[in-house]
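> Provided herewith is a single structure, encoded as structure tokens, for subsequent inquiry.
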Amino acid sequence: MVKEFIAQSPEILPDTFESTWSSPSNIALVKYWGKKEGQIPANPSISFTLDHCATTTRVKFTRKETPGISFDLLFEGEPKPSFKPKIQQFIDRILPYMEFLEGYHLEIDTSNSFPHSSGIASSASGMSALALCLMSLEAALSGAEEDANFYKKASFLARLGSGSACRSLEGPLVSWGQHEHISGSSDLYGTPYRGQLHKTFLDYRDTILLVDKGQKQVSSTVGHGLMHGHPYAEARFEQAHRNLAELLEVLQNGDSRAFIRIVESEALTLHAMMMSSNPYFILMKPNTLEIINKVWDFREKTGSALCFTLDAGANVHLLYPGSEADEVMKFIEDELVDYCEQGQYICDRIGEGAKRR
Ligand code: PMV
């Protein structure tokens, strides 16, 4: 238990309360892969907060006579029993920090701005939006402001639902995990990047090429678990520390070649860890590799700052400065859409974080 985050239970609780938050997804530049007991990351990570890809969640709290917390879940207006175990696990983990929830029934109504079966994980945006709704009730009970401490605890709670969710509350970049060069960094919650940011990163784009919209064969939870006893684990965790240190400099000096080198290496290393796990697995598809090779050709020919990164899946995130948007969109339309399932991709950009609705 982390004492700092245990809420006082007030004597008088409102009969009803309602809160709605919209929270974006994020894309890691230095990846989190591998965790310790209690959702503690094995290495620090940092991500761009996205803008368009988001989950909007409304929670209606109603006091009930019988003890214990209960909830109903609607996803895009329909009951979604398959999401309930993950939410139940989240509630079980956060309850010691919000005991006042014990007397409530929660109606959770959630929807995504991106298509459900797009292969885009909604756990980061979903868990952070839900954590913020719960925090709004806590703040209303205690009279607290929506200040830095509010976001810190919301991030702490979101992490208990899904690790990377703790990086989805603020923008434009958030790190998570203790790192010697980031003051205030913690394994328990995300820390918004407060260093100087080179102007090139103020308008960065992320176009997500939907290579495979299906459910992935190996979940992130299983993947993280396979880093225990992984032959390259320690070297990987040290590398992430070094890459993050180097990236912090790049964020200030705007060195696009160094940015590309770190970000692409991180993406391929993430997948290399999967391929060298026991049991091993591959989440990339042939079209993932086709796109990567096309991106390298394009860069070679044009000197563009376009680069790719990957999540735990086959889809490819293309990152590039807004100043190159026209050329890159033409390249995508001319040469990459054929590798996307049904020619689909999502245009997103670096964003400012969650918003109360
Ligand atoms: O937050 P999880 O447990 O779904 O893990 C996400 C891990 C990656 O997306 C692959 C990397 C990251 O840092 O976001």
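Order determines the names: the first chain of the structure tokens is A, the second B, and so forth; residues in each chain are numbered 1 upward, and ligands are numbered 1 upward as they are shown.
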Within 6 Å of ligand 1, which residues show up when you count only C-alpha atoms and all ligand atoms? List them as a ChimeraX atom specification, please.

/A:28,31-33,45,162-164,220-221,311-312

> Output as a PyMOL selection string all residues of segment 193-302 of chain A that backbone DSSP marks as strand (DSSP E or B).

chain A and resi 204-209

> What's around segment 82-84 of chain A at 12 Å? Count only C-alpha atoms, leave out sequence neighbours fewer than 2 positions away in its own chain, and write the answer as a ChimeraX atom specification.

/A:70-75,78-80,86-91,108-110,122-123,126-127

> Would you mind telling me which residue in A:Lys35, A:His198, A:His241, A:Arg236 lies nearest to Gln178 of chain A when using only C-alpha atoms?

A:His241

> Applying 8 Å and only C-alpha atoms, which residues near His105 of chain A remain after dropping the ones on its own chain fewer than 6 positions away? List them as a ChimeraX atom specification.

/A:61-64,69-71

> Would you mind exporting the chosen residues as a PDB file, in the first residue's frame, restricted to all heavy atoms?


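Ended up saving to selection_38.pdb:
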ATOM      1  N   PHE A  61     -22.462   7.523 -10.355  1.00  0.00           N
ATOM      2  CA  PHE A  61     -22.336   6.874  -9.039  1.00  0.00           C
ATOM      3  C   PHE A  61     -23.677   7.004  -8.322  1.00  0.00           C
ATOM      4  O   PHE A  61     -24.208   8.105  -8.216  1.00  0.00           O
ATOM      5  CB  PHE A  61     -21.270   7.575  -8.187  1.00  0.00           C
ATOM      6  CG  PHE A  61     -19.905   7.664  -8.819  1.00  0.00           C
ATOM      7  CD1 PHE A  61     -19.604   8.650  -9.753  1.00  0.00           C
ATOM      8  CD2 PHE A  61     -18.901   6.771  -8.462  1.00  0.00           C
ATOM      9  CE1 PHE A  61     -18.335   8.751 -10.325  1.00  0.00           C
ATOM     10  CE2 PHE A  61     -17.627   6.866  -9.020  1.00  0.00           C
ATOM     11  CZ  PHE A  61     -17.350   7.861  -9.966  1.00  0.00           C
ATOM     12  N   THR A  62     -24.211   5.895  -7.811  1.00  0.00           N
ATOM     13  CA  THR A  62     -25.452   5.948  -7.048  1.00  0.00           C
ATOM     14  C   THR A  62     -25.254   5.207  -5.722  1.00  0.00           C
ATOM     15  O   THR A  62     -24.796   4.047  -5.725  1.00  0.00           O
ATOM     16  CB  THR A  62     -26.611   5.272  -7.836  1.00  0.00           C
ATOM     17  OG1 THR A  62     -26.573   5.767  -9.169  1.00  0.00           O
ATOM     18  CG2 THR A  62     -27.957   5.559  -7.216  1.00  0.00           C
ATOM     19  N   ARG A  63     -25.596   5.863  -4.609  1.00  0.00           N
ATOM     20  CA  ARG A  63     -25.477   5.218  -3.292  1.00  0.00           C
ATOM     21  C   ARG A  63     -26.418   4.036  -3.224  1.00  0.00           C
ATOM     22  O   ARG A  63     -27.522   4.068  -3.734  1.00  0.00           O
ATOM     23  CB  ARG A  63     -25.865   6.194  -2.182  1.00  0.00           C
ATOM     24  CG  ARG A  63     -24.797   7.181  -1.787  1.00  0.00           C
ATOM     25  CD  ARG A  63     -23.621   6.549  -1.065  1.00  0.00           C
ATOM     26  NE  ARG A  63     -23.968   5.929   0.206  1.00  0.00           N
ATOM     27  CZ  ARG A  63     -24.149   6.605   1.336  1.00  0.00           C
ATOM     28  NH1 ARG A  63     -24.026   7.912   1.359  1.00  0.00           N
ATOM     29  NH2 ARG A  63     -24.436   5.972   2.449  1.00  0.00           N
ATOM     30  N   LYS A  64     -25.963   2.944  -2.591  1.00  0.00           N
ATOM     31  CA  LYS A  64     -26.835   1.785  -2.455  1.00  0.00           C
ATOM     32  C   LYS A  64     -26.948   1.366  -0.988  1.00  0.00           C
ATOM     33  O   LYS A  64     -26.092   1.730  -0.179  1.00  0.00           O
ATOM     34  CB  LYS A  64     -26.346   0.640  -3.350  1.00  0.00           C
ATOM     35  CG  LYS A  64     -24.898   0.237  -3.116  1.00  0.00           C
ATOM     36  CD  LYS A  64     -24.324  -0.420  -4.352  1.00  0.00           C
ATOM     37  CE  LYS A  64     -24.455  -1.911  -4.347  1.00  0.00           C
ATOM     38  NZ  LYS A  64     -23.461  -2.646  -3.592  1.00  0.00           N
ATOM     39  N   ILE A  69     -19.181  -2.616  -3.486  1.00  0.00           N
ATOM     40  CA  ILE A  69     -19.272  -1.840  -4.729  1.00  0.00           C
ATOM     41  C   ILE A  69     -19.791  -2.758  -5.842  1.00  0.00           C
ATOM     42  O   ILE A  69     -19.503  -3.950  -5.859  1.00  0.00           O
ATOM     43  CB  ILE A  69     -17.891  -1.242  -5.088  1.00  0.00           C
ATOM     44  CG1 ILE A  69     -17.940  -0.427  -6.375  1.00  0.00           C
ATOM     45  CG2 ILE A  69     -16.815  -2.291  -5.170  1.00  0.00           C
ATOM     46  CD1 ILE A  69     -16.650   0.335  -6.677  1.00  0.00           C
ATOM     47  N   SER A  70     -20.584  -2.206  -6.742  1.00  0.00           N
ATOM     48  CA  SER A  70     -21.029  -2.980  -7.904  1.00  0.00           C
ATOM     49  C   SER A  70     -20.974  -2.067  -9.120  1.00  0.00           C
ATOM     50  O   SER A  70     -20.910  -0.841  -8.980  1.00  0.00           O
ATOM     51  CB  SER A  70     -22.452  -3.506  -7.687  1.00  0.00           C
ATOM     52  OG  SER A  70     -23.326  -2.413  -7.429  1.00  0.00           O
ATOM     53  N   PHE A  71     -20.964  -2.646 -10.306  1.00  0.00           N
ATOM     54  CA  PHE A  71     -20.954  -1.802 -11.502  1.00  0.00           C
ATOM     55  C   PHE A  71     -21.629  -2.487 -12.684  1.00  0.00           C
ATOM     56  O   PHE A  71     -21.695  -3.712 -12.763  1.00  0.00           O
ATOM     57  CB  PHE A  71     -19.518  -1.390 -11.880  1.00  0.00           C
ATOM     58  CG  PHE A  71     -18.665  -2.518 -12.420  1.00  0.00           C
ATOM     59  CD1 PHE A  71     -18.531  -2.710 -13.789  1.00  0.00           C
ATOM     60  CD2 PHE A  71     -17.991  -3.379 -11.573  1.00  0.00           C
ATOM     61  CE1 PHE A  71     -17.745  -3.745 -14.299  1.00  0.00           C
ATOM     62  CE2 PHE A  71     -17.204  -4.420 -12.071  1.00  0.00           C
ATOM     63  CZ  PHE A  71     -17.075  -4.600 -13.424  1.00  0.00           C
TER      64      PHE A  71
END

> List every residue of segment 240-282 of chain A that DSSP, applied to the backbone, labels as helix (DSSP H, G or I), and write the result as a PyMOL selection string.

chain A and resi 240-253+256-275

> Env of Asn149 of chain A: 12 Å cut, atoms = only C-alpha atoms, seq-sep filter 6 positions within chain, self excluded. Answer as a list in words.

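So, after excluding close chain neighbours, the residues are Glu4, Phe5, Met135, Ala139, Ser155, Phe156, Tyr189, Gly190 and Thr191 of chain A.
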
> Near segment 113-116 of chain A, within 8 Å and counting only C-alpha atoms, which residues show up once chain neighbours fewer than 4 positions away are dropped, as a list in words?

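So the residues in contact are His52, Cys53, Ala54, Thr55, Thr56 and Ile120 of chain A.
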